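Trainee: I am sharing final-v1.cif, which consists of mmCIF, C-alpha atoms:
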data_work
loop_
_atom_site.label_atom_id
_atom_site.label_comp_id
_atom_site.auth_asym_id
_atom_site.auth_seq_id
_atom_site.Cartn_x
_atom_site.Cartn_y
_atom_site.Cartn_z
CA MET A 1148 0.00 0.00 0.00
CA SER A 1149 1.11 3.51 -0.58
CA ARG A 1150 1.80 5.84 2.26
CA PRO A 1151 -0.14 9.13 2.59
CA GLU A 1152 3.06 11.14 2.16
CA ASP A 1153 3.64 9.40 -1.18
CA GLN A 1154 0.27 10.67 -2.43
CA ARG A 1155 0.78 14.24 -1.26
CA PRO A 1156 2.66 15.50 -4.37
CA ASP A 1157 -0.23 14.31 -6.55
CA ILE A 1158 -2.75 16.09 -4.33
CA ASP A 1159 -0.66 19.28 -4.33
CA GLU A 1160 -0.34 19.17 -8.12
CA ALA A 1161 -4.08 18.55 -8.53
CA THR A 1162 -4.83 21.47 -6.21
CA ARG A 1163 -2.49 23.72 -8.18
CA LEU A 1164 -4.11 22.67 -11.47
CA VAL A 1165 -7.60 23.32 -10.11
CA GLU A 1166 -6.63 26.80 -8.92
CA GLU A 1167 -4.99 27.56 -12.27
CA SER A 1168 -8.07 26.36 -14.10
CA LYS A 1169 -10.31 28.55 -11.92
CA ARG A 1170 -8.14 31.60 -12.65
CA ARG A 1171 -8.25 30.93 -16.40
CA ALA A 1172 -12.03 30.43 -16.29
CA ALA A 1173 -12.53 33.67 -14.36
CA ALA A 1174 -10.34 35.58 -16.82
CA GLU A 1175 -12.21 34.10 -19.78
CA GLN A 1176 -15.54 34.97 -18.17
CA ALA A 1177 -14.41 38.56 -17.68
CA ARG A 1178 -13.32 38.78 -21.33
CA ALA A 1179 -16.64 37.31 -22.48
CA ARG A 1180 -18.64 39.76 -20.36
CA GLU A 1181 -16.62 42.66 -21.73
CA ALA A 1182 -17.12 41.49 -25.32
CA ALA A 1183 -20.85 40.98 -24.74
CA GLY A 1184 -21.13 44.47 -23.30
CA ARG A 1185 -19.43 45.94 -26.36
CA SER A 1186 -21.69 43.96 -28.68
CA LEU A 1187 -24.77 45.08 -26.81
CA SER A 1188 -23.62 48.70 -26.93
CA ILE A 1189 -23.07 48.45 -30.69
CA ALA A 1190 -26.46 46.79 -31.18
CA ARG A 1191 -28.18 49.52 -29.17
CA LEU A 1192 -26.39 52.22 -31.13
CA LEU A 1193 -27.33 50.64 -34.45
CA LYS A 1194 -30.94 50.26 -33.36
CA ARG A 1195 -31.09 53.89 -32.30
CA LEU A 1196 -29.55 55.05 -35.57
CA ARG A 1197 -31.95 52.86 -37.53
CA GLU A 1198 -34.92 54.36 -35.69
CA GLU A 1199 -33.64 57.94 -35.94
CA ASN A 1200 -32.87 57.94 -39.65
CA GLY A 1201 -35.94 56.00 -40.78
CA PHE A 1202 -33.88 53.22 -42.35
CA GLY A 1203 -36.02 50.57 -40.69
CA ARG A 1204 -39.15 52.05 -42.23
CA LEU A 1205 -37.51 52.11 -45.66
CA MET A 1206 -36.51 48.45 -45.35
CA ASP A 1207 -39.98 47.49 -44.13
CA ASP A 1208 -41.57 49.32 -47.08
CA ALA A 1209 -39.13 47.81 -49.57
CA PHE A 1210 -39.29 44.26 -48.29
CA GLY A 1211 -42.72 44.03 -46.72
CA GLY A 1212 -41.61 44.41 -43.11
CA GLY A 1213 -40.69 40.75 -42.74
CA ARG A 1214 -44.13 39.55 -43.74
CA GLY A 1215 -43.98 36.55 -46.08
#
Now that the file is in, can you turn its structure into C-alpha cells?
Mentor:
Amino acid sequence: MSRPEDQRPDIDEATRLVEESKRRAAAEQARAREAAGRSLSIARLLKRLREENGFGRLMDDAFGGGRG
C-alpha cells in the first residue's frame, strides 16, 4: 500500500491545477462579459440610428416588413 506522504505531491499538483483552471475560467468569463457588453452597446447604437434615420421604415416598405 502507498503511504499518505507518497500521495501528497499528486494532491498538491491537482490542487495547483484546479486553482490555475479557476483563474483561467474567471479571466475568460471577464473577457466574455466585456465582449458581450461591447456587442450590446453596438447593437443599441445601431438600433437607435436605424430608428432615428428611418432606415427601418424604408426596409420594411421595400421588403414588406418581414411579412412573407
Trainee: In Å to one decimal, how far is CA of Arg1185 in chain A from CA of Lys1169 in chain A?
Mentor: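 Value for the CA of Lys1169 in chain A-CA of Arg1185 in chain A distance: 24.4 Å.
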Trainee: Quote the spacing between CA of Leu1193 in chain A and CA of Leu1205 in chain A in Å to one decimal place.
Mentor: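 Between CA of Leu1193 in chain A and CA of Leu1205 in chain A the gap works out to 15.2 Å.
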Trainee: Please report the interatomic distance between CA of Gly1203 in chain A and CA of Arg1191 in chain A in Å with one decimal.
Mentor: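 These atoms are spaced 14.0 Å apart.
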